[in-house]
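Text of input-v6.cif (mmCIF, C-alpha atoms) as supplied:
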data_structure
#
loop_
_atom_site.label_atom_id
_atom_site.label_comp_id
_atom_site.auth_asym_id
_atom_site.auth_seq_id
_atom_site.Cartn_x
_atom_site.Cartn_y
_atom_site.Cartn_z
CA MET A 9 11.19 -15.58 0.32
CA VAL A 10 10.90 -11.89 -0.62
CA PRO A 11 12.98 -11.21 -3.76
CA ALA A 12 15.76 -8.62 -3.80
CA PHE A 13 14.73 -5.47 -5.63
CA PRO A 14 16.88 -2.47 -6.55
CA PRO A 15 16.48 0.58 -4.28
CA SER A 16 13.72 2.99 -5.22
CA LEU A 17 14.10 6.59 -6.37
CA TYR A 18 12.56 7.59 -3.05
CA ARG A 19 15.19 5.73 -1.03
CA LEU A 20 18.12 6.97 -3.13
CA ALA A 21 16.92 10.57 -2.81
CA VAL A 22 17.45 10.42 0.97
CA SER A 23 21.21 10.30 1.41
CA ASN A 24 21.33 9.85 5.17
CA PRO A 25 18.16 8.26 6.56
CA PRO A 26 18.03 7.77 10.33
CA GLN A 27 19.40 4.41 11.45
CA TYR A 28 18.07 2.23 14.24
CA ALA A 29 20.45 -0.27 15.83
CA PRO A 30 19.76 -4.02 15.62
CA LEU A 31 18.35 -5.70 18.69
CA ASP A 32 21.11 -6.94 20.95
CA GLY A 33 20.14 -9.15 23.87
CA ALA A 34 16.89 -9.96 25.60
CA ARG A 35 14.16 -7.37 26.13
CA ARG A 36 10.89 -7.27 27.99
CA ALA A 37 8.11 -5.14 26.48
CA ASP A 38 4.39 -4.59 26.67
CA ILE A 39 4.08 -4.95 22.91
CA CYS A 40 6.47 -6.28 20.28
CA ILE A 41 5.75 -5.20 16.72
CA VAL A 42 7.25 -7.19 13.85
CA GLY A 43 7.56 -5.05 10.73
CA GLY A 44 8.67 -1.47 10.14
CA GLY A 45 6.16 -0.42 7.50
CA TYR A 46 3.10 1.79 7.78
CA THR A 47 1.05 -0.64 9.89
CA GLY A 48 3.78 -1.29 12.44
CA LEU A 49 4.98 2.30 12.64
CA SER A 50 1.48 3.69 13.13
CA ALA A 51 0.76 1.08 15.81
CA ALA A 52 4.05 2.02 17.50
CA ILE A 53 3.18 5.72 17.48
CA HIS A 54 -0.23 5.27 19.04
CA LEU A 55 0.86 2.67 21.57
CA ALA A 56 3.95 4.55 22.71
CA GLU A 57 2.00 7.79 22.96
CA ALA A 58 -0.45 5.98 25.25
CA GLY A 59 2.43 5.02 27.53
CA ALA A 60 3.06 1.43 26.42
CA ASP A 61 6.57 -0.01 26.30
CA VAL A 62 6.97 -0.85 22.59
CA VAL A 63 9.75 -2.71 20.78
CA LEU A 64 9.59 -2.84 16.97
CA VAL A 65 11.85 -5.17 14.97
CA GLU A 66 12.38 -4.81 11.23
CA ALA A 67 14.29 -7.31 9.08
CA GLY A 68 15.77 -4.66 6.80
CA GLU A 69 15.52 -0.90 7.03
CA VAL A 70 12.39 1.01 8.01
CA ALA A 71 10.05 0.97 4.99
CA SER A 72 12.29 -1.33 2.99
CA GLY A 73 9.19 -3.27 1.95
CA ALA A 74 6.06 -2.03 0.19
CA SER A 75 5.67 1.02 2.42
CA GLY A 76 8.76 2.67 0.93
CA ARG A 77 8.40 1.42 -2.65
CA ASN A 78 4.80 1.97 -3.68
CA GLY A 79 3.15 4.44 -6.05
CA GLY A 80 2.29 6.83 -3.22
CA GLN A 81 -1.41 7.05 -4.07
CA ILE A 82 -4.06 7.71 -1.42
CA HIS A 83 -7.27 6.18 -2.72
CA SER A 84 -10.81 6.61 -1.47
CA GLY A 85 -12.68 3.52 -0.38
CA GLN A 86 -11.47 -0.06 -0.48
CA ARG A 87 -9.84 -1.91 -3.36
CA ARG A 88 -13.34 -3.08 -4.29
CA ASP A 89 -15.71 -0.21 -5.06
CA VAL A 90 -18.94 0.39 -3.19
CA LEU A 91 -21.09 -1.17 -5.92
CA TRP A 92 -19.21 -4.47 -5.54
CA LEU A 93 -19.31 -4.24 -1.75
CA GLU A 94 -23.05 -3.57 -1.69
CA LYS A 95 -23.74 -6.63 -3.85
CA ARG A 96 -21.45 -8.83 -1.77
CA PHE A 97 -22.13 -7.60 1.76
CA GLY A 98 -25.16 -5.33 1.69
CA ALA A 99 -25.54 -1.58 2.11
CA GLU A 100 -24.73 -1.40 5.83
CA ARG A 101 -21.35 -3.12 5.68
CA ALA A 102 -20.45 -1.36 2.43
CA ARG A 103 -21.11 1.96 4.14
CA ALA A 104 -19.02 0.98 7.17
CA LEU A 105 -16.09 0.01 4.93
CA TRP A 106 -16.40 3.29 3.04
CA ASP A 107 -16.47 5.30 6.27
CA ALA A 108 -13.40 3.43 7.55
CA ALA A 109 -11.52 4.33 4.38
CA GLU A 110 -12.52 7.97 4.74
CA ASP A 111 -11.17 7.91 8.30
CA ALA A 112 -7.99 6.33 6.94
CA LYS A 113 -7.40 9.18 4.47
CA ALA A 114 -8.03 11.70 7.22
CA LEU A 115 -5.53 9.97 9.49
CA VAL A 116 -2.77 10.09 6.87
CA ARG A 117 -3.25 13.81 6.43
CA ALA A 118 -3.46 14.37 10.19
CA LEU A 119 -0.21 12.46 10.80
CA ILE A 120 1.59 14.48 8.14
CA VAL A 121 0.41 17.76 9.63
CA ARG A 122 0.92 16.75 13.26
CA PHE A 123 4.48 15.54 12.79
CA ALA A 124 5.40 18.00 10.02
CA ILE A 125 6.41 15.18 7.65
CA PRO A 126 7.95 16.60 4.44
CA CYS A 127 6.55 14.04 1.99
CA ASP A 128 5.24 16.14 -0.93
CA LEU A 129 1.56 15.53 -0.15
CA ARG A 130 -0.72 16.61 -3.01
CA SER A 131 -4.41 16.17 -3.82
CA GLY A 132 -6.20 14.20 -6.48
CA VAL A 133 -6.35 10.74 -8.03
CA ILE A 134 -7.62 10.14 -11.56
CA GLU A 135 -8.91 6.71 -12.56
CA ALA A 136 -8.45 6.65 -16.33
CA LEU A 137 -10.82 4.33 -18.19
CA HIS A 138 -9.14 2.28 -20.91
CA LYS A 139 -12.39 0.99 -22.52
CA PRO A 140 -15.49 2.98 -23.57
CA SER A 141 -17.72 0.31 -22.03
CA LEU A 142 -16.49 1.31 -18.56
CA MET A 143 -18.11 4.75 -18.72
CA ALA A 144 -21.60 3.47 -17.82
CA GLU A 145 -20.32 1.74 -14.67
CA ALA A 146 -18.29 4.83 -13.75
CA HIS A 147 -21.44 6.93 -14.02
CA GLU A 148 -23.33 4.47 -11.78
CA LEU A 149 -20.50 4.54 -9.24
CA MET A 150 -20.35 8.32 -9.18
CA ASP A 151 -24.12 8.54 -8.65
CA ALA A 152 -23.90 6.01 -5.81
CA LEU A 153 -21.10 7.92 -4.09
CA ARG A 154 -22.99 11.17 -4.29
CA ASP A 155 -26.48 9.89 -3.48
CA ARG A 156 -25.85 7.12 -0.94
CA TYR A 157 -22.48 8.09 0.54
CA SER A 158 -22.74 11.90 0.46
CA TYR A 159 -19.36 12.02 -1.30
CA ASP A 160 -19.36 14.87 -3.78
CA ARG A 161 -15.62 15.02 -4.48
CA VAL A 162 -15.75 12.92 -7.65
CA THR A 163 -16.17 14.18 -11.20
CA LEU A 164 -16.87 12.08 -14.27
CA LEU A 165 -14.70 13.20 -17.17
CA ASP A 166 -15.66 12.57 -20.79
CA ARG A 167 -13.03 11.61 -23.36
CA ASP A 168 -11.85 15.14 -24.10
CA ALA A 169 -11.66 16.05 -20.41
CA ALA A 170 -9.82 12.79 -19.62
CA ILE A 171 -7.26 13.50 -22.35
CA ALA A 172 -6.71 16.98 -20.97
CA ALA A 173 -6.42 15.76 -17.37
CA THR A 174 -3.99 12.92 -18.07
CA GLY A 175 -2.17 14.26 -21.12
CA SER A 176 -2.83 10.96 -22.92
CA GLU A 177 -5.15 10.09 -25.79
CA ARG A 178 -5.24 6.48 -24.62
CA PHE A 179 -8.36 6.87 -22.45
CA PHE A 180 -12.09 7.10 -23.12
CA GLY A 181 -13.06 8.87 -19.91
CA ALA A 182 -12.02 9.09 -16.29
CA VAL A 183 -13.19 9.53 -12.72
CA ALA A 184 -11.38 12.35 -10.95
CA ASP A 185 -11.36 11.94 -7.18
CA HIS A 186 -10.46 15.27 -5.62
CA GLY A 187 -10.56 13.70 -2.15
CA GLY A 188 -7.73 11.29 -2.94
CA GLY A 189 -4.10 12.26 -3.09
CA HIS A 190 -0.49 11.18 -3.39
CA LEU A 191 2.84 11.56 -1.61
CA ASP A 192 6.43 10.40 -1.36
CA PRO A 193 5.84 7.05 0.38
CA TYR A 194 9.36 6.61 1.78
CA ARG A 195 9.57 10.05 3.37
CA PHE A 196 6.12 9.51 4.87
CA ALA A 197 7.37 6.28 6.49
CA LEU A 198 10.53 7.99 7.78
CA GLY A 199 8.33 10.62 9.42
CA LEU A 200 6.25 7.94 11.13
CA ALA A 201 9.39 6.20 12.38
CA LYS A 202 10.77 9.45 13.79
CA ALA A 203 7.49 10.13 15.61
CA ALA A 204 7.36 6.61 17.06
CA SER A 205 10.95 6.89 18.29
CA GLU A 206 10.34 10.29 19.86
CA PHE A 207 7.37 8.86 21.77
CA GLY A 208 9.70 6.25 23.23
CA ALA A 209 9.21 3.21 21.02
CA SER A 210 12.42 1.18 20.54
CA LEU A 211 12.98 0.61 16.82
CA HIS A 212 15.49 -2.00 15.62
CA GLU A 213 16.52 -2.39 11.98
CA GLY A 214 18.47 -5.35 10.63
CA THR A 215 16.58 -7.59 13.04
CA PRO A 216 14.63 -10.36 11.30
CA ALA A 217 12.13 -12.17 13.49
CA LEU A 218 13.26 -15.79 13.24
CA SER A 219 10.55 -17.39 15.32
CA LEU A 220 7.51 -16.61 17.42
CA ALA A 221 7.01 -18.85 20.44
CA ASP A 222 4.41 -19.03 23.17
CA GLY A 223 4.81 -16.34 25.75
CA PRO A 224 4.77 -14.68 23.31
CA VAL A 225 8.49 -14.45 22.54
CA VAL A 226 9.91 -13.05 19.30
CA ARG A 227 13.37 -14.52 18.72
CA THR A 228 15.95 -12.80 16.50
CA ALA A 229 19.58 -13.51 15.64
CA GLY A 230 20.80 -11.06 18.27
CA GLY A 231 18.29 -11.57 21.03
CA GLU A 232 14.63 -11.91 21.85
CA VAL A 233 11.64 -9.87 22.96
CA CYS A 234 9.24 -11.27 25.53
CA ALA A 235 6.00 -9.28 25.32
CA ASP A 236 2.43 -9.32 26.53
CA THR A 237 1.21 -8.89 22.94
CA VAL A 238 2.77 -9.27 19.50
CA ILE A 239 1.57 -7.47 16.37
CA VAL A 240 2.85 -9.08 13.16
CA ALA A 241 2.73 -6.25 10.66
CA THR A 242 4.87 -7.70 7.89
CA ASP A 243 1.98 -7.83 5.39
CA GLY A 244 2.96 -10.63 2.98
CA GLY A 245 6.45 -11.05 4.38
CA SER A 246 5.64 -13.09 7.47
CA GLY A 247 6.67 -16.36 5.80
CA HIS A 248 6.95 -19.15 8.36
CA LEU A 249 6.32 -16.81 11.29
CA ILE A 250 2.53 -16.88 11.05
CA ARG A 251 1.21 -19.77 9.01
CA GLU A 252 -2.36 -18.49 9.28
CA SER A 253 -1.35 -15.18 7.74
CA ARG A 254 0.50 -16.82 4.85
CA ARG A 255 -2.57 -18.94 4.21
CA HIS A 256 -4.63 -15.84 3.40
CA LEU A 257 -2.12 -13.53 1.67
CA LEU A 258 -0.57 -13.80 -1.77
CA GLY A 259 2.31 -11.71 -3.07
CA ILE A 260 2.45 -10.21 -6.56
CA ASN A 261 5.50 -8.33 -7.81
CA SER A 262 4.83 -4.83 -9.12
CA PHE A 263 7.44 -2.73 -10.94
CA VAL A 264 8.09 1.00 -11.13
CA VAL A 265 10.35 3.32 -13.11
CA ALA A 266 11.23 7.00 -12.86
CA THR A 267 12.09 9.21 -15.80
CA GLU A 268 14.62 11.96 -15.94
CA PRO A 269 13.08 15.40 -15.20
CA LEU A 270 10.71 16.01 -18.12
CA GLY A 271 10.84 19.81 -18.31
CA GLN A 272 8.45 21.22 -20.91
CA LEU A 273 7.72 17.73 -22.23
CA GLY A 274 5.94 16.95 -19.00
CA GLU A 275 3.76 20.04 -18.81
CA ALA A 276 0.79 18.34 -20.51
CA ILE A 277 1.06 15.23 -18.32
CA LEU A 278 -1.20 15.49 -15.25
CA PRO A 279 -1.26 19.30 -15.52
CA GLY A 280 -3.53 19.57 -12.47
CA GLY A 281 -0.98 17.89 -10.21
CA GLU A 282 -3.03 14.75 -9.52
CA SER A 283 -1.80 11.18 -9.60
CA ALA A 284 -3.40 8.64 -11.92
CA ALA A 285 -4.12 4.95 -12.33
CA ASP A 286 -5.88 3.18 -15.15
CA SER A 287 -8.77 0.74 -15.00
CA ARG A 288 -6.86 -2.35 -16.09
CA TYR A 289 -6.73 -5.50 -14.01
CA VAL A 290 -2.95 -5.33 -14.34
CA VAL A 291 -3.05 -1.71 -13.31
CA ARG A 292 -0.69 1.06 -14.41
CA TYR A 293 -0.23 4.00 -12.02
CA TRP A 294 1.74 7.22 -12.16
CA ARG A 295 2.51 10.57 -10.55
CA LYS A 296 4.90 13.44 -11.12
CA THR A 297 7.50 14.29 -8.50
CA CYS A 298 8.32 17.76 -7.28
CA ASP A 299 11.37 17.87 -9.61
CA GLY A 300 9.30 16.99 -12.68
CA ARG A 301 10.02 13.30 -13.06
CA LEU A 302 7.29 10.83 -13.93
CA VAL A 303 7.14 7.87 -11.55
CA PHE A 304 5.29 5.13 -13.44
CA GLY A 305 4.29 1.64 -12.34
CA GLY A 306 3.31 -1.06 -14.80
CA GLY A 307 3.61 -4.81 -15.22
CA GLU A 308 3.32 -7.56 -12.63
CA THR A 309 4.86 -10.98 -12.13
CA GLY A 310 4.54 -13.84 -9.69
CA ALA A 311 6.77 -14.36 -6.67
CA GLY A 312 10.46 -14.81 -7.44
CA GLN A 313 10.12 -13.55 -11.01
CA VAL A 314 12.08 -10.30 -11.18
CA PRO A 315 13.05 -9.05 -14.66
CA ALA A 316 16.76 -8.60 -15.24
CA ASP A 317 16.03 -5.14 -16.70
CA ILE A 318 13.10 -3.56 -14.88
CA CYS A 319 13.21 -0.39 -16.99
CA ALA A 320 12.89 -2.42 -20.19
CA PHE A 321 10.06 -4.43 -18.63
CA VAL A 322 8.02 -1.35 -17.66
CA ARG A 323 8.83 0.86 -20.66
CA PRO A 324 6.19 -0.65 -23.02
CA HIS A 325 3.48 0.11 -20.45
CA LEU A 326 4.71 3.68 -20.15
CA LEU A 327 4.86 4.19 -23.93
CA ASP A 328 1.39 2.73 -24.40
CA ILE A 329 0.09 5.74 -22.48
CA TYR A 330 2.73 8.34 -23.32
CA PRO A 331 4.40 7.44 -26.65
CA GLU A 332 5.96 10.90 -26.77
CA LEU A 333 8.33 9.78 -24.00
CA ALA A 334 10.06 7.22 -26.23
CA ASP A 335 13.38 9.07 -26.11
CA VAL A 336 13.23 10.00 -22.44
CA ALA A 337 15.76 8.28 -20.16
CA LEU A 338 14.53 6.05 -17.38
CA THR A 339 16.91 6.75 -14.52
CA HIS A 340 15.54 4.37 -11.90
CA GLY A 341 13.75 1.03 -11.91
CA TRP A 342 12.62 -0.94 -8.88
CA GLY A 343 9.91 -3.24 -7.63
CA GLY A 344 8.06 -4.48 -4.61
CA VAL A 345 5.56 -7.04 -3.43
CA VAL A 346 1.87 -6.17 -3.37
CA SER A 347 0.10 -8.50 -0.96
CA VAL A 348 -3.46 -9.36 -1.90
CA THR A 349 -6.26 -11.49 -0.52
CA ALA A 350 -8.82 -13.46 -2.51
CA PRO A 351 -11.52 -10.73 -2.22
CA ARG A 352 -8.91 -7.89 -2.38
CA LEU A 353 -9.84 -6.72 1.13
CA PRO A 354 -7.57 -6.43 4.18
CA TYR A 355 -6.81 -9.46 6.31
CA VAL A 356 -6.82 -8.57 10.02
CA ARG A 357 -7.09 -11.26 12.68
CA GLN A 358 -6.36 -12.01 16.30
CA VAL A 359 -4.81 -15.43 15.73
CA SER A 360 -4.37 -16.09 19.46
CA PRO A 361 -5.17 -14.12 22.63
CA ASP A 362 -1.82 -12.34 22.45
CA ILE A 363 -1.02 -12.20 18.70
CA TRP A 364 -2.52 -9.96 16.01
CA VAL A 365 -1.73 -9.99 12.28
CA ALA A 366 -2.61 -7.59 9.48
CA GLY A 367 -1.94 -7.29 5.76
CA GLY A 368 -3.36 -7.88 2.30
CA TYR A 369 -4.08 -4.22 1.54
CA SER A 370 -4.20 -5.04 -2.18
CA GLY A 371 -2.80 -1.72 -3.39
CA GLN A 372 -4.67 0.50 -0.89
CA GLY A 373 -2.05 0.43 1.84
CA VAL A 374 -0.94 4.06 1.86
CA ALA A 375 -4.21 4.99 3.54
CA LEU A 376 -5.41 1.71 5.05
CA ALA A 377 -2.17 0.47 6.64
CA PRO A 378 -1.58 3.42 9.02
CA PHE A 379 -5.26 3.37 9.93
CA ILE A 380 -5.30 -0.33 10.71
CA GLY A 381 -2.09 0.17 12.69
CA LYS A 382 -3.96 2.71 14.81
CA LEU A 383 -6.92 0.35 15.25
CA LEU A 384 -4.55 -2.44 16.27
CA SER A 385 -3.10 -0.18 18.95
CA GLU A 386 -6.61 0.46 20.27
CA ALA A 387 -7.38 -3.26 20.27
CA VAL A 388 -4.23 -4.03 22.24
CA LEU A 389 -5.22 -1.37 24.75
CA GLY A 390 -8.60 -3.02 25.27
CA ARG A 391 -10.78 -1.35 22.63
CA PRO A 392 -11.05 -3.91 19.80
CA GLU A 393 -14.44 -2.80 18.49
CA GLY A 394 -12.92 -0.46 15.88
CA LEU A 395 -11.42 -3.46 14.09
CA ASP A 396 -14.71 -5.37 13.89
CA ILE A 397 -15.41 -4.19 10.36
CA PHE A 398 -12.15 -5.78 9.20
CA THR A 399 -11.89 -8.86 11.44
CA SER A 400 -15.37 -9.93 10.34
CA LEU A 401 -14.56 -9.86 6.63
CA PRO A 402 -14.68 -13.32 5.05
CA ILE A 403 -11.21 -13.94 3.61
CA SER A 404 -10.96 -17.28 1.83
CA PRO A 405 -7.79 -19.32 2.40
CA LEU A 406 -5.26 -19.75 -0.41
CA PRO A 407 -2.95 -22.66 -1.26
CA LEU A 408 0.15 -23.02 0.89
CA THR A 409 2.45 -24.87 -1.53
CA GLU A 410 4.74 -22.64 -3.54
CA ALA A 411 3.88 -24.33 -6.85
CA ALA A 412 0.13 -23.86 -6.31
CA ARG A 413 0.58 -20.23 -5.28
CA ARG A 414 2.68 -19.43 -8.34
CA ALA A 415 0.14 -21.13 -10.59
CA LEU A 416 -2.66 -19.11 -8.97
CA VAL A 417 -0.83 -15.82 -9.60
CA SER A 418 0.00 -16.77 -13.20
CA MET A 419 -3.62 -17.71 -13.90
CA ALA A 420 -4.95 -14.51 -12.31
CA LEU A 421 -2.55 -12.34 -14.33
CA TRP A 422 -3.38 -14.19 -17.54
CA ARG A 423 -7.12 -13.81 -16.99
CA GLY A 424 -6.65 -10.17 -16.08
CA ARG A 425 -4.66 -9.39 -19.23
CA LEU A 426 -7.32 -11.14 -21.30
CA ALA A 427 -10.09 -9.10 -19.64
CA ASP A 428 -8.12 -5.89 -20.22
CA ARG A 429 -8.10 -6.53 -23.97
CA PHE A 430 -11.80 -7.19 -24.47
#
Written form, structure tokens:
Amino acid sequence: MVPAFPPSLYRLAVSNPPQYAPLDGARRADICIVGGGYTGLSAAIHLAEAGADVVLVEAGEVASGASGRNGGQIHSGQRRDVLWLEKRFGAERARALWDAAEDAKALVRALIVRFAIPCDLRSGVIEALHKPSLMAEAHELMDALRDRYSYDRVTLLDRDAAIAATGSERFFGAVADHGGGHLDPYRFALGLAKAASEFGASLHEGTPALSLADGPVVRTAGGEVCADTVIVATDGGSGHLIRESRRHLLGINSFVVATEPLGQLGEAILPGGESAADSRYVVRYWRKTCDGRLVFGGGETGAGQVPADICAFVRPHLLDIYPELADVALTHGWGGVVSVTAPRLPYVRQVSPDIWVAGGYSGQGVALAPFIGKLLSEAVLGRPEGLDIFTSLPISPLPLTEAARRALVSMALWRGRLADRF
């Protein structure tokens, strides 16, 4: 069960988001999409634009899951860097995964421009290195990107340059990716929903999918949708709906705070306007908003473990990087579930001739989820070859029992924290 988190700064900043009525009665559709996040909304846009009759059902509000709660960062590549991918899969597949991620970034920007989505899109992601030993690997990665991937938008920053770029003395270097970016994730999702609706897709909030039967038929409390094809785009929230999906995805809670507007105190923090993330296993990530707040994510827990005071839980992570913010008020604290797979690569499968599932973006979903939604739409329309690079990825199964899954998360976080220290 997905835990209840407080609303995000992004959600509270939109006083009157569009509302989509719950499903009432039985519907027939070409495609039923379960999940109103980036994957489902992008699939709905591209399918409806192609003339398909699309019904999308969302348990809560549009983007009430990870799509509206995340750090808003648009990363290059996959969650695993190209050096890891080359060792695991070879140069050809590593290159194909890199190219797919480049297409994903381009799609996000194209959607924002095409539909005039006001989501504060800005350029740049800085990966700040928290140990001096990481500089050699960063240099190797940068050389690989330039020499083998023709990607010249990365710059290796030494300690002084990293301090200047981040405004923190905590780091020993950094990789600045000028081809990455960041945005307001909730407003981006609202823009996708508006576009899907205008193309004719029927969106229904407050409509949990209770069961998925042969047909396929998606049953809800207020009705049902009988479709030719179902796309389950709930990421890690599919629960009992798709057992095969749950078997390959694991949820980790991630927590975020927002400061009051920093004014002059914030001028030295990310002065170039980029977003940032550090190199820790239990990653910290941050960006400044257009009104000068710092949105900062830090700290993770297993499923069901939500701190009573999220701001107090995240504050030590924030002060480790920016101790000068000790007296700054934290005005918002929230969380969300990051769905991961064992290799930290997306899980996309056709689990039956008429059912597709996707998820496990492992922190890369701002770019990858809309792109995979588009590829799913193409697959449904008879062009599945674009998904081959993802459907062929070996994704090891995970335990199904709740106790085993919680133990797995706890062990992974413990090992990660240990690795971060040494």
Could I get the residues of range 340-389 of chain A with an atom no further than 12 Å from an atom of range 47-52 of chain A, each paired with its nearest atom pair and that distance in Å to one decimal, using only C-alpha atoms, sorted by chain and residue number, as a tab-separated table?
residue	atom	partner	partner_atom	distance
A:Pro354	CA	A:Thr47	CA	11.9
A:Val356	CA	A:Thr47	CA	11.2
A:Trp364	CA	A:Gly48	CA	11.3
A:Val365	CA	A:Thr47	CA	10.0
A:Ala366	CA	A:Thr47	CA	7.9
A:Gly367	CA	A:Thr47	CA	8.4
A:Gly368	CA	A:Thr47	CA	11.4
A:Tyr369	CA	A:Thr47	CA	10.4
A:Gly373	CA	A:Thr47	CA	8.7
A:Val374	CA	A:Thr47	CA	9.5
A:Ala375	CA	A:Thr47	CA	10.0
A:Leu376	CA	A:Thr47	CA	8.4
A:Ala377	CA	A:Thr47	CA	4.7
A:Pro378	CA	A:Thr47	CA	4.9
A:Phe379	CA	A:Ser50	CA	7.5
A:Ile380	CA	A:Thr47	CA	6.4
A:Gly381	CA	A:Thr47	CA	4.3
A:Lys382	CA	A:Ala51	CA	5.1
A:Leu383	CA	A:Ala51	CA	7.7
A:Leu384	CA	A:Ala51	CA	6.4
A:Ser385	CA	A:Ala51	CA	5.1
A:Glu386	CA	A:Ala51	CA	8.6
A:Ala387	CA	A:Ala51	CA	10.2
A:Val388	CA	A:Ala51	CA	9.6
A:Leu389	CA	A:Ala51	CA	11.0
Just checking: using only C-alpha atoms, which residue out of A:Ala337, A:Ala182, A:Ala109, A:Leu191 ends up closest to Trp294 in chain A?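 Using only C-alpha atoms, the shortest distance to Trp294 in chain A belongs to A:Leu191.
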I'd like the neighbourhood of range 340-353 of chain A as a PyMOL selection string, where a residue qualifies if any of its atoms comes within 7 Å (using all atoms listed in the file), though same-chain residues fewer than 5 positions away should be ignored. chain A and resi 13-17+73-74+77+87-88+243-244+256-266+318-319+368-371+403-404
Exercise: Val42 in chain A partners within 6 Å, all atoms listed in the file, chain neighbours under 6 positions left out, as a PyMOL selection string: chain A and resi 64-65+240-241
I'd like the interatomic distance between CA of Leu55 in chain A and CA of Ala104 in chain A, to a tenth of an Å.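 Between CA of Leu55 in chain A and CA of Ala104 in chain A the gap is 24.6 Å.
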With range 157-180 of chain A as the partner and 10 Å as the cut-off, tabulate the residues of range 306-384 of chain A that qualify, each row holding the nearest pair of atoms and their distance in Å to one decimal, using all atoms listed in the file, sorted by chain and rising number, as a tab-separated table.
residue	atom	partner	partner_atom	distance
A:Asp328	CA	A:Arg178	CA	7.6
A:Ile329	CA	A:Arg178	CA	5.8
A:Tyr330	CA	A:Ser176	CA	6.2
A:Pro331	CA	A:Ser176	CA	8.9
A:Glu332	CA	A:Ser176	CA	9.6
Do you have the CA of Tyr194 in chain A-CA of Asn78 in chain A distance handy?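 One can read the CA of Tyr194 in chain A to CA of Asn78 in chain A distance as 8.5 Å.
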Atomic distance CA of Ala412 in chain A - CA of Leu218 in chain A, expressed in Å with one decimal: 24.9 Å
All residues 9 Å or closer to Val226 in chain A, all atoms listed in the file, same chain fewer than 6 positions away omitted, as number ranges by chain: A: 40, 42, 217-220, 232-235, 238
Name all residues at most 8 Å from Pro216 in chain A (count all atoms listed in the file; drop same-chain ones fewer than 2 positions away) and give them as a list in words.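 The filter keeps Val65, Glu66, Ala67, Gly68, Gly214, Leu218, Thr228 and Ala229 of chain A.
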Kindly export the residues of the current selection with C-alpha atoms, as a PDB file, keeping the file's coordinate frame.
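Output saved as again_39.pdb:
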ATOM      1  CA  VAL A  65      11.850  -5.170  14.970  1.00  0.00           C
ATOM      2  CA  GLU A  66      12.380  -4.810  11.230  1.00  0.00           C
ATOM      3  CA  ALA A  67      14.290  -7.310   9.080  1.00  0.00           C
ATOM      4  CA  GLY A  68      15.770  -4.660   6.800  1.00  0.00           C
ATOM      5  CA  GLY A 214      18.470  -5.350  10.630  1.00  0.00           C
ATOM      6  CA  LEU A 218      13.260 -15.790  13.240  1.00  0.00           C
ATOM      7  CA  THR A 228      15.950 -12.800  16.500  1.00  0.00           C
ATOM      8  CA  ALA A 229      19.580 -13.510  15.640  1.00  0.00           C
TER       9      ALA A 229
END
Report as an MDAnalysis selection string the full result of the PyMOL selection byres ((chain A and resi 93) around 12) when it is applied to this structure. chainID A and resid 85:92 94:106 149 152 351:353 401
Could you write out as number ranges by chain the residues that the PyMOL selection byres ((chain A and resi 39) around 8) matches in the shown file? A: 37-38, 40-41, 60-63, 235-239
Using all atoms listed in the file, determine which residues lie at most 9 Å from range 117-124 of chain A, disregarding the query and same-chain residues fewer than 4 positions distant; provide the list as JSON, numbers by chain. {"A": [112, 113, 129, 196, 199, 200, 202, 203]}
Name the closest residue to Leu198 in chain A among the candidates A:Val70, A:Leu249, A:Ala21, A:Ala334; distances are taken between atoms, counting all atoms listed in the file. A:Val70
Here is a test: counting only C-alpha atoms, which residue of A:Asp32, A:Ser400, A:Glu393, A:Glu282 is nearest to Gly231 in chain A? A:Asp32
How would you write, as a list in words, the residues chosen by the PyMOL selection byres ((chain A and resi 30) around 7) on this structure?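 Written out, the selection comes to Tyr28, Ala29, Leu31, Asp32, His212, Glu213, Gly214 and Thr215 of chain A.
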Kindly indicate which residue among A:Asp222, A:Gly280, A:Ala114, A:Asp151 lies nearest to Val133 in chain A, using only C-alpha atoms for the distances.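 Among A:Asp222, A:Gly280, A:Ala114, A:Asp151, it is A:Gly280 that comes nearest to Val133 in chain A.
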Between A:Arg429, A:His186, A:Ala420, A:Thr242, which is the closest to Glu308 in chain A once you count all atoms listed in the file?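 Between A:Arg429, A:His186, A:Ala420, A:Thr242, the residue approaching Glu308 in chain A most closely is A:Ala420.
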Using all atoms listed in the file, which residue out of A:Val183, A:Ala221, A:Ala276, A:Leu333 lies closest to Ser84 in chain A?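 Of all the options, A:Val183 lies closest to Ser84 in chain A.
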Please, can range 145-149 of chain A be completed to N, CA and C atoms and returned as a compact mmCIF listing (two decimals), in the frame of the given file?
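The result, written out as out04.txt:
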# COMPACT_ATOMS: atom_id res chain seq x y z
N GLU A 145 -20.53 2.15 -16.06
CA GLU A 145 -20.32 1.74 -14.67
C GLU A 145 -19.74 2.89 -13.85
N ALA A 146 -18.85 3.68 -14.46
CA ALA A 146 -18.29 4.83 -13.75
C ALA A 146 -19.38 5.83 -13.39
N HIS A 147 -20.33 6.03 -14.29
CA HIS A 147 -21.44 6.93 -14.02
C HIS A 147 -22.29 6.40 -12.87
N GLU A 148 -22.55 5.09 -12.86
CA GLU A 148 -23.33 4.47 -11.78
C GLU A 148 -22.60 4.61 -10.44
N LEU A 149 -21.29 4.41 -10.47
CA LEU A 149 -20.50 4.54 -9.24
C LEU A 149 -20.53 5.97 -8.71
